file my_file18.txt (compact mmCIF, C-alpha atoms and all ligand atoms)
# COMPACT_ATOMS: atom_id res chain seq x y z
CA MET A 167 23.14 -5.26 -103.39
CA GLU A 168 20.10 -3.00 -102.87
CA ILE A 169 18.02 -6.09 -102.33
CA VAL A 170 20.43 -7.29 -99.62
CA ILE A 171 20.31 -3.90 -97.85
CA LEU A 172 16.48 -3.93 -98.00
CA ALA A 173 16.39 -7.45 -96.58
CA VAL A 174 18.70 -6.42 -93.72
CA VAL A 175 16.54 -3.34 -92.93
CA ILE A 176 13.34 -5.47 -92.95
CA ALA A 177 15.03 -8.04 -90.66
CA VAL A 178 16.19 -5.30 -88.25
CA VAL A 179 12.68 -3.75 -88.13
CA ALA A 180 11.09 -7.17 -87.62
CA LEU A 181 13.54 -7.99 -84.80
CA GLY A 182 12.86 -4.60 -83.18
CA ALA A 183 9.10 -5.25 -83.28
CA ILE A 184 9.46 -8.70 -81.72
CA SER A 185 11.78 -7.49 -78.93
CA GLY A 186 9.37 -4.58 -78.19
CA LEU A 187 6.55 -7.07 -77.67
CA VAL A 188 8.66 -9.17 -75.30
CA VAL A 189 9.69 -6.12 -73.22
CA SER A 190 6.09 -4.94 -72.93
CA SER A 191 5.08 -8.42 -71.80
CA ARG A 192 7.79 -8.39 -69.10
CA LYS A 193 6.72 -4.99 -67.91
CA LYS A 194 3.16 -6.21 -67.51
CA LYS A 195 4.31 -9.12 -65.36
CA LYS A 196 5.81 -6.66 -62.92
CA LEU A 197 2.53 -4.86 -62.44
CA PRO A 198 0.79 -5.57 -59.16
CA PRO A 199 -2.15 -7.94 -59.49
CA PRO A 200 -5.57 -6.32 -59.65
CA PRO A 201 -7.40 -6.00 -56.34
CA PRO A 202 -9.04 -9.32 -55.48
CA THR A 203 -12.66 -8.26 -55.78
CA THR A 204 -15.12 -11.08 -55.93
CA PRO A 205 -16.12 -10.65 -59.54
CA SER A 206 -12.52 -10.56 -60.77
CA VAL A 207 -11.90 -13.93 -59.19
CA THR A 208 -14.91 -15.75 -60.53
CA ALA A 209 -15.72 -14.00 -63.88
CA PRO A 210 -13.62 -14.73 -66.96
CA PRO A 211 -11.26 -11.93 -67.94
CA ALA A 212 -12.61 -9.32 -70.36
CA GLU A 213 -10.43 -8.74 -73.39
CA PRO A 214 -7.38 -10.96 -73.13
CA GLN A 215 -4.08 -9.08 -73.22
CA VAL A 216 -0.99 -10.38 -74.87
CA GLY A 217 1.06 -10.81 -71.72
CA GLU A 218 -1.80 -12.34 -69.75
CA ASP A 219 -2.47 -14.77 -72.50
CA ALA A 220 1.08 -15.82 -72.38
CA GLU A 221 0.92 -16.56 -68.68
CA THR A 222 -2.44 -18.18 -68.23
CA PRO A 223 -3.89 -20.25 -70.95
CA ARG A 224 -7.51 -19.17 -71.53
CA ASP A 225 -8.71 -22.71 -71.26
CA GLU A 226 -7.04 -23.35 -67.83
CA GLU A 227 -9.50 -24.37 -65.12
CA ARG A 228 -10.13 -21.49 -62.73
CA ARG A 229 -10.83 -21.88 -59.06
CA THR A 230 -14.05 -20.61 -57.55
CA ILE A 231 -14.07 -18.16 -54.66
CA GLU A 232 -14.85 -20.98 -52.26
CA GLU A 233 -11.82 -22.90 -53.42
CA VAL A 234 -9.52 -19.89 -53.28
CA GLY A 235 -10.51 -19.35 -49.70
CA LEU A 236 -9.97 -15.65 -49.32
CA PRO A 237 -8.67 -14.66 -45.91
CA ASP A 238 -11.82 -14.01 -43.99
CA SER A 239 -11.29 -11.21 -41.59
CA GLY A 240 -9.64 -11.80 -38.19
CA ALA A 241 -8.82 -15.43 -37.68
CA THR A 242 -6.41 -15.96 -40.58
CA LEU A 243 -4.95 -12.51 -40.24
CA VAL A 244 -4.18 -13.07 -36.60
CA GLU A 245 -2.41 -16.29 -37.53
CA GLU A 246 -0.25 -14.51 -40.05
CA ALA A 247 0.54 -11.47 -37.93
CA PRO A 248 -0.24 -12.20 -34.29
CA VAL A 249 -1.54 -9.17 -32.44
CA ALA A 250 0.35 -8.78 -29.19
CA GLU A 251 -1.99 -9.16 -26.19
CA PRO A 252 -1.56 -6.28 -23.71
CA GLU A 253 0.36 -7.75 -20.80
CA ALA A 254 -1.76 -8.18 -17.65
CA PRO A 255 -0.12 -6.36 -14.70
CA THR A 256 1.74 -9.02 -12.77
CA ALA A 257 0.83 -9.19 -9.09
CA PRO A 258 3.78 -8.66 -6.77
CA PRO A 259 5.02 -11.93 -5.31
CA VAL A 260 3.43 -12.95 -2.02
CA GLU A 261 5.86 -12.46 0.84
CA VAL A 262 6.54 -15.15 3.40
CA PRO A 263 7.69 -13.41 6.59
CA GLU A 264 10.17 -15.08 8.91
CA PRO A 265 8.69 -17.13 11.79
CA THR A 266 8.09 -14.98 14.84
CA ALA A 267 9.79 -17.04 17.55
CA GLY A 268 12.43 -14.90 19.22
CA ARG A 269 11.51 -11.80 17.26
CA LEU A 270 11.74 -9.64 20.37
CA VAL A 271 15.31 -10.79 20.88
CA LYS A 272 16.06 -9.70 17.30
CA LEU A 273 14.54 -6.31 18.01
CA ARG A 274 16.38 -6.07 21.29
CA ALA A 275 18.73 -3.33 20.13
CA ARG A 276 15.75 -1.06 19.57
CA LEU A 277 14.35 -1.86 22.98
CA SER A 278 17.68 -1.29 24.68
CA ARG A 279 18.04 2.05 22.93
CA SER A 280 14.62 3.35 23.86
CA GLN A 281 14.45 1.93 27.39
CA ASN A 282 18.06 2.62 28.31
CA SER A 283 17.25 5.34 30.81
CA LEU A 284 15.00 3.01 32.77
CA GLY A 285 17.17 -0.11 33.03
CA LYS A 286 20.61 1.42 33.10
CA GLY A 287 19.37 4.31 35.26
CA LEU A 288 18.11 1.90 37.91
CA LEU A 289 21.30 -0.16 37.83
CA THR A 290 23.50 2.91 38.23
CA LEU A 291 21.50 4.12 41.21
CA LEU A 292 21.51 0.71 42.87
CA SER A 293 25.28 0.49 42.44
CA ARG A 294 25.93 3.53 44.61
CA GLU A 295 27.97 2.74 47.64
CA HIS A 296 25.45 4.23 50.05
CA LEU A 297 21.82 3.56 49.29
CA ASP A 298 20.37 6.46 51.30
CA GLU A 299 16.85 7.88 51.26
CA ASP A 300 17.69 10.25 48.44
CA THR A 301 18.91 7.41 46.28
CA TRP A 302 15.73 5.37 46.90
CA GLU A 303 13.73 8.44 46.01
CA GLU A 304 15.66 8.76 42.77
CA ILE A 305 14.94 5.11 42.02
CA GLU A 306 11.26 5.80 42.61
CA ASP A 307 11.36 8.83 40.30
CA THR A 308 13.04 6.81 37.56
CA LEU A 309 10.28 4.22 37.71
CA LEU A 310 7.54 6.87 37.76
CA THR A 311 9.08 8.71 34.80
CA ALA A 312 8.97 5.47 32.85
CA ASP A 313 5.23 5.30 33.51
CA VAL A 314 5.36 2.22 35.71
CA GLY A 315 2.64 3.76 37.88
CA VAL A 316 2.54 4.75 41.55
CA GLN A 317 1.40 1.52 43.14
CA PRO A 318 3.71 -0.82 41.24
CA THR A 319 6.63 1.59 41.82
CA GLN A 320 6.12 1.53 45.56
CA GLU A 321 5.88 -2.25 45.57
CA LEU A 322 9.11 -2.61 43.62
CA VAL A 323 11.07 -0.18 45.75
CA GLU A 324 9.88 -1.80 48.94
CA ARG A 325 10.92 -5.27 47.81
CA LEU A 326 14.28 -4.05 46.52
CA ARG A 327 15.09 -2.24 49.76
CA GLU A 328 14.33 -5.35 51.71
CA ARG A 329 16.43 -7.65 49.55
CA VAL A 330 19.38 -5.28 49.32
CA LYS A 331 19.40 -5.04 53.11
CA VAL A 332 19.40 -8.81 53.48
CA LEU A 333 22.10 -9.19 50.84
CA GLY A 334 24.62 -6.96 52.65
CA THR A 335 27.53 -6.43 50.29
CA ARG A 336 26.51 -6.26 46.65
CA THR A 337 28.37 -7.07 43.47
CA PRO A 338 27.14 -5.59 40.15
CA ASP A 339 26.03 -9.02 39.00
CA GLU A 340 24.03 -9.59 42.16
CA LEU A 341 22.34 -6.24 41.75
CA ARG A 342 21.49 -6.91 38.16
CA GLY A 343 20.05 -10.29 39.17
CA LEU A 344 17.94 -8.70 41.89
CA LEU A 345 16.58 -6.02 39.64
CA ARG A 346 15.85 -8.54 36.89
CA GLU A 347 13.84 -10.72 39.26
CA GLU A 348 11.88 -7.82 40.68
CA LEU A 349 11.06 -6.33 37.28
CA LEU A 350 9.91 -9.73 36.08
CA THR A 351 7.71 -10.10 39.15
CA LEU A 352 6.17 -6.75 38.34
CA ILE A 353 5.54 -7.61 34.68
CA GLY A 354 4.48 -11.18 35.37
CA THR A 355 5.82 -14.30 33.75
CA GLU A 356 2.83 -16.55 34.27
CA ALA A 357 0.24 -14.87 32.05
CA ASP A 358 -0.87 -16.47 28.80
CA ARG A 359 0.43 -14.04 26.20
CA SER A 360 -0.46 -16.05 23.12
CA VAL A 361 -2.94 -14.47 20.70
CA HIS A 362 -5.95 -16.79 20.71
CA THR A 363 -6.53 -17.80 17.13
CA ALA A 364 -7.77 -21.35 17.61
CA ASN A 365 -10.85 -22.39 15.63
CA GLY A 366 -14.19 -21.79 17.28
CA LEU A 367 -17.45 -23.69 16.95
CA GLY A 368 -20.36 -22.34 14.91
CA PRO A 369 -24.05 -22.54 15.90
CA ASN A 370 -24.34 -26.05 14.45
CA GLY A 371 -21.14 -27.33 16.00
CA GLU A 372 -19.11 -26.77 12.84
CA GLU A 373 -15.55 -25.40 13.00
CA ILE A 374 -15.13 -21.74 12.18
CA PRO A 375 -11.93 -19.67 11.91
CA GLY A 376 -10.47 -18.05 14.99
CA VAL A 377 -11.78 -14.47 15.13
CA VAL A 378 -9.65 -11.59 16.41
CA MET A 379 -11.05 -8.07 16.80
CA VAL A 380 -8.56 -5.22 16.88
CA VAL A 381 -9.81 -2.12 18.71
CA GLY A 382 -8.26 1.17 19.71
CA VAL A 383 -8.24 4.88 19.05
CA ASN A 384 -7.36 5.93 15.50
CA GLY A 385 -3.73 6.95 15.20
CA THR A 386 -2.46 4.49 17.78
CA GLY A 387 -1.28 2.23 14.96
CA LYS A 388 -4.36 0.01 14.92
CA THR A 389 -4.57 -0.58 11.16
CA THR A 390 -0.81 -1.01 10.87
CA THR A 391 -0.91 -3.45 13.76
CA THR A 392 -3.71 -5.46 12.14
CA GLY A 393 -1.60 -5.68 8.99
CA LYS A 394 1.52 -6.63 10.90
CA LEU A 395 -0.43 -9.20 12.91
CA ALA A 396 -1.59 -10.78 9.65
CA ARG A 397 2.10 -11.18 8.80
CA VAL A 398 2.85 -12.67 12.24
CA LEU A 399 0.08 -15.24 11.70
CA VAL A 400 1.09 -16.03 8.11
CA ALA A 401 4.70 -16.38 9.29
CA ASP A 402 3.47 -18.91 11.81
CA GLY A 403 1.76 -20.90 9.04
CA LYS A 404 -1.84 -19.67 9.28
CA SER A 405 -4.15 -18.51 6.51
CA VAL A 406 -5.80 -15.18 7.20
CA VAL A 407 -8.80 -13.11 6.03
CA LEU A 408 -8.85 -9.41 6.92
CA GLY A 409 -12.04 -7.49 7.68
CA ALA A 410 -11.75 -3.74 7.02
CA ALA A 411 -14.48 -2.67 9.42
CA ASP A 412 -12.95 0.78 9.92
CA THR A 413 -15.25 2.05 7.17
CA PHE A 414 -14.96 5.69 8.20
CA ARG A 415 -11.57 6.21 6.67
CA ALA A 416 -11.22 4.97 3.10
CA ALA A 417 -7.44 5.28 3.34
CA ALA A 418 -7.43 2.89 6.30
CA VAL A 419 -9.30 0.32 4.22
CA ASP A 420 -6.84 0.63 1.33
CA GLN A 421 -3.94 0.53 3.77
CA LEU A 422 -5.21 -2.73 5.26
CA GLN A 423 -5.76 -4.25 1.84
CA THR A 424 -2.18 -3.44 0.89
CA TRP A 425 -0.95 -5.24 3.99
CA GLY A 426 -3.15 -8.23 3.14
CA ASP A 427 -2.10 -8.36 -0.51
CA ARG A 428 1.53 -8.56 0.46
CA VAL A 429 1.01 -11.83 2.31
CA GLY A 430 -1.79 -13.21 0.14
CA ALA A 431 -4.58 -12.54 2.66
CA ARG A 432 -7.95 -11.51 1.23
CA THR A 433 -9.42 -8.27 2.56
CA VAL A 434 -13.20 -7.93 2.89
CA ARG A 435 -14.32 -4.33 2.53
CA GLY A 436 -17.65 -2.58 2.44
CA PRO A 437 -18.93 0.69 1.00
CA GLU A 438 -17.34 3.87 2.38
CA GLU A 439 -19.07 4.90 5.61
CA GLY A 440 -20.97 1.61 5.43
CA ASP A 441 -21.99 -0.41 8.46
CA PRO A 442 -18.84 -1.73 10.19
CA ALA A 443 -20.79 -4.62 11.71
CA SER A 444 -21.88 -5.77 8.27
CA VAL A 445 -18.27 -5.78 7.02
CA ALA A 446 -17.22 -7.70 10.13
CA PHE A 447 -20.02 -10.24 9.55
CA ASP A 448 -19.08 -10.66 5.89
CA SER A 449 -15.41 -11.09 6.66
CA VAL A 450 -16.11 -14.00 9.02
CA LYS A 451 -18.49 -15.44 6.40
CA GLU A 452 -15.68 -15.19 3.84
CA GLY A 453 -13.24 -16.77 6.30
CA ILE A 454 -15.63 -19.69 6.79
CA SER A 455 -16.17 -20.23 3.07
CA GLU A 456 -12.44 -19.99 2.35
CA GLY A 457 -11.65 -22.34 5.21
CA ALA A 458 -9.25 -19.72 6.61
CA ASP A 459 -7.55 -20.26 9.96
CA VAL A 460 -8.04 -16.74 11.30
CA VAL A 461 -10.18 -13.67 10.57
CA LEU A 462 -8.70 -10.36 11.77
CA ILE A 463 -11.14 -7.47 12.04
CA ASP A 464 -9.88 -3.88 12.09
CA THR A 465 -12.49 -1.69 13.75
CA ALA A 466 -13.08 2.06 13.85
CA GLY A 467 -11.97 3.83 17.00
CA ARG A 468 -13.59 7.22 17.06
CA LEU A 469 -13.88 8.36 20.60
CA HIS A 470 -16.31 11.30 20.44
CA THR A 471 -18.83 9.67 22.68
CA LYS A 472 -18.57 6.60 24.79
CA THR A 473 -22.12 5.62 23.87
CA GLY A 474 -21.35 5.80 20.15
CA LEU A 475 -18.26 3.67 20.60
CA MET A 476 -20.09 1.22 22.81
CA ASP A 477 -22.91 0.89 20.28
CA GLU A 478 -20.53 0.34 17.43
CA LEU A 479 -18.06 -2.09 18.98
CA GLY A 480 -20.83 -3.91 20.83
CA LYS A 481 -22.74 -4.35 17.58
CA VAL A 482 -19.68 -5.54 15.67
CA LYS A 483 -19.03 -8.17 18.32
CA ARG A 484 -22.66 -9.29 18.58
CA VAL A 485 -23.03 -9.61 14.82
CA VAL A 486 -19.79 -11.57 14.47
CA GLU A 487 -20.92 -13.89 17.25
CA LYS A 488 -23.79 -15.03 15.05
CA HIS A 489 -21.14 -17.07 13.25
CA GLY A 490 -19.34 -18.16 16.41
CA PRO A 491 -17.17 -16.88 19.26
CA VAL A 492 -14.70 -14.01 19.07
CA GLY A 493 -11.47 -15.56 20.38
CA GLU A 494 -9.56 -12.38 21.07
CA VAL A 495 -10.21 -8.65 21.44
CA LEU A 496 -6.88 -6.84 21.20
CA LEU A 497 -6.63 -3.25 22.38
CA VAL A 498 -3.97 -1.22 20.58
CA LEU A 499 -2.34 1.48 22.70
CA ASP A 500 0.31 3.97 21.69
CA ALA A 501 3.11 3.76 24.28
CA THR A 502 4.14 7.35 23.60
CA THR A 503 0.84 8.71 24.89
CA GLY A 504 1.62 7.62 28.45
CA GLN A 505 -1.17 8.28 30.93
CA ASN A 506 -3.52 9.22 28.10
CA GLY A 507 -3.20 5.67 26.89
CA LEU A 508 -4.40 4.46 30.26
CA VAL A 509 -7.50 6.66 30.02
CA GLN A 510 -8.25 5.17 26.60
CA ALA A 511 -7.70 1.67 27.95
CA ARG A 512 -10.25 2.31 30.67
CA VAL A 513 -12.90 3.53 28.21
CA PHE A 514 -12.44 0.61 25.85
CA ALA A 515 -12.46 -1.90 28.67
CA GLU A 516 -15.86 -0.54 29.71
CA VAL A 517 -17.38 -1.06 26.28
CA VAL A 518 -15.90 -4.38 25.24
CA ASP A 519 -14.13 -7.27 26.97
CA ILE A 520 -10.48 -6.73 26.18
CA THR A 521 -8.46 -9.96 26.22
CA GLY A 522 -5.02 -8.62 25.32
CA VAL A 523 -3.04 -5.43 24.72
CA VAL A 524 -0.77 -4.45 21.87
CA LEU A 525 1.62 -1.69 22.84
CA THR A 526 2.84 0.17 19.77
CA LYS A 527 5.67 2.65 19.22
CA LEU A 528 7.73 1.34 22.10
CA ASP A 529 10.73 2.23 19.98
CA GLY A 530 9.85 5.90 20.28
CA THR A 531 9.56 6.32 24.04
CA ALA A 532 11.47 5.62 27.21
CA LYS A 533 8.19 4.92 28.97
CA GLY A 534 8.25 1.14 28.71
CA GLY A 535 6.88 1.03 32.26
CA ILE A 536 3.45 1.51 30.71
CA ILE A 537 3.45 -2.25 30.19
CA VAL A 538 3.19 -2.72 33.93
CA ALA A 539 0.64 0.05 34.37
CA VAL A 540 -1.70 -1.06 31.61
CA GLN A 541 -1.68 -4.69 32.75
CA ARG A 542 -2.62 -3.55 36.23
CA GLU A 543 -5.28 -1.21 34.92
CA LEU A 544 -7.00 -3.78 32.69
CA GLY A 545 -6.01 -7.03 34.33
CA VAL A 546 -5.07 -8.41 30.89
CA PRO A 547 -1.59 -9.14 29.55
CA VAL A 548 0.38 -7.23 26.95
CA LYS A 549 0.62 -9.77 24.12
CA LEU A 550 2.44 -7.91 21.37
CA VAL A 551 4.72 -4.91 21.14
CA GLY A 552 5.40 -2.62 18.19
CA LEU A 553 9.00 -1.57 17.80
CA GLY A 554 9.05 0.27 14.50
CA GLU A 555 7.28 1.06 11.28
CA GLY A 556 8.74 -1.88 9.35
CA PRO A 557 6.40 -4.72 8.36
CA ASP A 558 7.98 -7.19 10.78
CA ASP A 559 8.51 -4.81 13.69
CA LEU A 560 5.68 -6.34 15.71
CA ALA A 561 6.83 -8.96 18.18
CA PRO A 562 5.17 -11.34 20.62
CA PHE A 563 5.89 -9.88 24.05
CA GLU A 564 8.30 -11.94 26.13
CA PRO A 565 8.93 -10.51 29.62
CA GLU A 566 12.40 -12.06 29.96
CA ALA A 567 13.65 -10.71 26.64
CA PHE A 568 12.15 -7.33 27.49
CA VAL A 569 13.83 -7.08 30.90
CA ASP A 570 17.14 -8.34 29.54
CA ALA A 571 17.05 -5.64 26.89
CA LEU A 572 16.34 -3.09 29.62
CA ILE A 573 19.20 -3.93 31.96
CA GLY A 574 21.56 -5.93 29.74
CA ASP A 575 22.54 -9.50 30.60
N1 LIG A 601 7.70 3.99 15.31
C1 LIG A 601 6.61 3.26 15.23
N2 LIG A 601 5.57 3.66 14.48
C2 LIG A 601 4.45 2.90 14.42
C3 LIG A 601 4.33 1.70 15.13
N3 LIG A 601 3.10 1.18 14.91
C4 LIG A 601 2.48 2.03 14.07
N4 LIG A 601 3.28 3.08 13.77
C5 LIG A 601 2.97 4.22 12.90
O1 LIG A 601 1.88 4.95 13.44
C6 LIG A 601 1.18 5.61 12.39
C7 LIG A 601 -0.31 5.42 12.56
O2 LIG A 601 -0.62 4.09 12.27
P1 LIG A 601 -2.05 3.66 11.69
O3 LIG A 601 -2.03 2.19 11.65
O4 LIG A 601 -2.39 4.38 10.47
O5 LIG A 601 -3.00 4.15 12.84
P2 LIG A 601 -4.50 3.73 13.11
O6 LIG A 601 -4.65 3.61 14.55
O7 LIG A 601 -4.92 2.58 12.30
O8 LIG A 601 -5.24 4.99 12.61
P3 LIG A 601 -6.31 5.01 11.48
O9 LIG A 601 -5.64 4.38 10.30
O10 LIG A 601 -6.58 6.47 11.33
O11 LIG A 601 -7.44 4.22 11.99
C8 LIG A 601 1.75 5.05 11.11
O12 LIG A 601 2.65 5.97 10.57
C9 LIG A 601 2.50 3.81 11.56
O13 LIG A 601 3.57 3.47 10.70
C10 LIG A 601 5.46 1.29 15.94
O14 LIG A 601 5.46 0.27 16.64
N5 LIG A 601 6.55 2.11 15.96

call {"tool": "encode", "arguments": {"input": "my_file18.txt", "output": "structure tokens", "more": "lines below"}}
Ligand SMILES: Nc1nc2c(ncn2[C@@H]2O[C@H](COP(=O)(O)OP(=O)(O)OP(=O)(O)O)[C@@H](O)[C@H]2O)c(=O)[nH]1
result
Amino acid sequence: MEIVILAVVIAVVALGAISGLVVSSRKKKKLPPPPPTTPSVTAPPAEPQVGEDAETPRDEERRTIEEVGLPDSGATLVEEAPVAEPEAPTAPPVEVPEPTAGRLVKLRARLSRSQNSLGKGLLTLLSREHLDEDTWEEIEDTLLTADVGVQPTQELVERLRERVKVLGTRTPDELRGLLREELLTLIGTEADRSVHTANGLGPNGEEIPGVVMVVGVNGTGKTTTTGKLARVLVADGKSVVLGAADTFRAAAVDQLQTWGDRVGARTVRGPEEGDPASVAFDSVKEGISEGADVVLIDTAGRLHTKTGLMDELGKVKRVVEKHGPVGEVLLVLDATTGQNGLVQARVFAEVVDITGVVLTKLDGTAKGGIIVAVQRELGVPVKLVGLGEGPDDLAPFEPEAFVDALIGD
């Protein structure tokens, strides 16, 4: 019996020893592998351990470092865990403005609102039963207040008096018709009001983009107008390059570039306070190399001295003309400045050949008569009018639409 008990104890101890070995081997398996240093991969293991022996036979072929192909730095790592590229800022989508035909008609409500006192005022006076001297004087005053100018006012009143006399009895429709005709005569319906953007010819007979210079006193809306004009041209299917030759005001350059970016037009700019003529030259050069249809050049309009202005604008024009002709020189005038605008017009006309006028801020004044006055003063037509601060608030000037907005139709 004692022998049996002894045998059982020995068997239990032996079993305990064996199970202890197995547990320790399992525990070792759970250990993280040693760091993969080069020697540990290629050199045979030092003293073999029980658990290790059990896993990897000592005589098993081992792979060399080349065969193992350790991840070598970036490339493989990137594959396993791609590093997110920082997203490039996405450019805002390029806008395609609506075609400009009939834009003035669309903006008619604004014209009617601002010019109401002129058109409706005249109609009311003409509708009086007795058109006596006082009434004609009031008609004259209304025209003068709207900045039509003395000479054109007298002409209009004279013609109206004559026609009303001949007409005898007058219906409201007849009066409106008369006034419409006479206002149109004053404004002129024959002039070519298109902005000349046709290609010119370079010194060797090659085609170059149409070149438009935009001039005017700072603050009249010159830079804004250049930007809006770029939109008008893009809307009409033309490709445009902008020249920021108003180098004296960095903000004006940035402002112009923003306008250009919105319609996908490149803006050529120079160093701050750099030579405006050089920027103008470069912008036409860029227009030629891009094969653009039109180059619009925004110029500086500081008016301290006439000689300074003359030198600057004259130089810009001369330098640009080395590439080819300037098709259009647009003078930007602020309609709200009234007679002051006419003084500016005179000065600019003396220093550079103006070919067209842009009248801005017509939405903010009742003095639409300035259109007549400025055309008389310069002998060039108003080609565009600004009727608001919105990007598409610049419209080709159409006399009929203008007069209809004034007096209603
Ligand atoms: N209401 C109204 N505002 C306008 C019109 N045209 C331009 N403006 C505003 O007039 C202000 C002056 O315009 P700018 O284009 O900066 O004037 P600028 O002549 O270029 O002057 P600089 O940039 O200093 O050269 C801006 O606030 C324009 O939004 C318009 O037709 N109507």

call {"tool": "closest_atom_pairs", "arguments": {"input": "my_file18.txt", "of": "chain A", "to": "ligand LIG 601 (chain A)", "cutoff": "8 Å", "atoms": "all atoms listed in the file", "output": "CSV"}}
result
residue,atom,partner,partner_atom,distance
A:Gly382,CA,A:LIG601,O6,6.8
A:Val383,CA,A:LIG601,O6,5.9
A:Asn384,CA,A:LIG601,O6,3.7
A:Gly385,CA,A:LIG601,O6,3.5
A:Thr386,CA,A:LIG601,O6,4.0
A:Gly387,CA,A:LIG601,O2,3.3
A:Lys388,CA,A:LIG601,O6,3.6
A:Thr389,CA,A:LIG601,O7,3.4
A:Thr390,CA,A:LIG601,O3,3.5
A:Thr391,CA,A:LIG601,O3,6.1
A:Thr392,CA,A:LIG601,O3,7.8
A:Asp412,CA,A:LIG601,O11,6.8
A:Arg415,CA,A:LIG601,O10,6.8
A:Ala417,CA,A:LIG601,O9,7.2
A:Ala418,CA,A:LIG601,O9,4.6
A:Gln421,CA,A:LIG601,O9,7.8
A:Thr465,CA,A:LIG601,O11,8.0
A:Ala466,CA,A:LIG601,O11,6.3
A:Gly467,CA,A:LIG601,O11,6.8
A:Val498,CA,A:LIG601,O6,7.8
A:Asp500,CA,A:LIG601,N3,7.8
A:Leu525,CA,A:LIG601,O14,7.6
A:Thr526,CA,A:LIG601,O14,4.1
A:Lys527,CA,A:LIG601,N5,3.4
A:Leu528,CA,A:LIG601,O14,6.0
A:Asp529,CA,A:LIG601,N5,5.8
A:Gly530,CA,A:LIG601,N1,5.7
A:Val551,CA,A:LIG601,O14,6.9
A:Gly552,CA,A:LIG601,O14,3.3
A:Leu553,CA,A:LIG601,O14,4.2
A:Gly554,CA,A:LIG601,N5,3.4
A:Glu555,CA,A:LIG601,O13,4.5
A:Gly556,CA,A:LIG601,O13,7.6
A:Asp559,CA,A:LIG601,O14,6.6
A:Leu560,CA,A:LIG601,O14,6.7

call {"tool": "closest_residue", "arguments": {"input": "my_file18.txt", "among": "A:Thr503, A:Lys533, A:Thr308, A:Asp558", "to": "A:Arg269", "atoms": "only C-alpha atoms"}}
result
A:Asp558

call {"tool": "atom_distance", "arguments": {"input": "my_file18.txt", "atom1": "atom CA of A:Gly522", "atom2": "atom CA of A:Glu261"}}
result
27.1 Å

call {"tool": "atom_distance", "arguments": {"input": "my_file18.txt", "atom1": "atom CA of A:Gly534", "atom2": "atom CA of A:Lys272"}}
result
17.6 Å

call {"tool": "residues_around", "arguments": {"input": "my_file18.txt", "residues": "A:Gly430", "least_positions_apart": "3", "cutoff": "12 Å", "atoms": "only C-alpha atoms", "output": "MDAnalysis selection string"}}
result
chainID A and resid 257:263 393 396:397 399:401 404:408 423:427 433 458
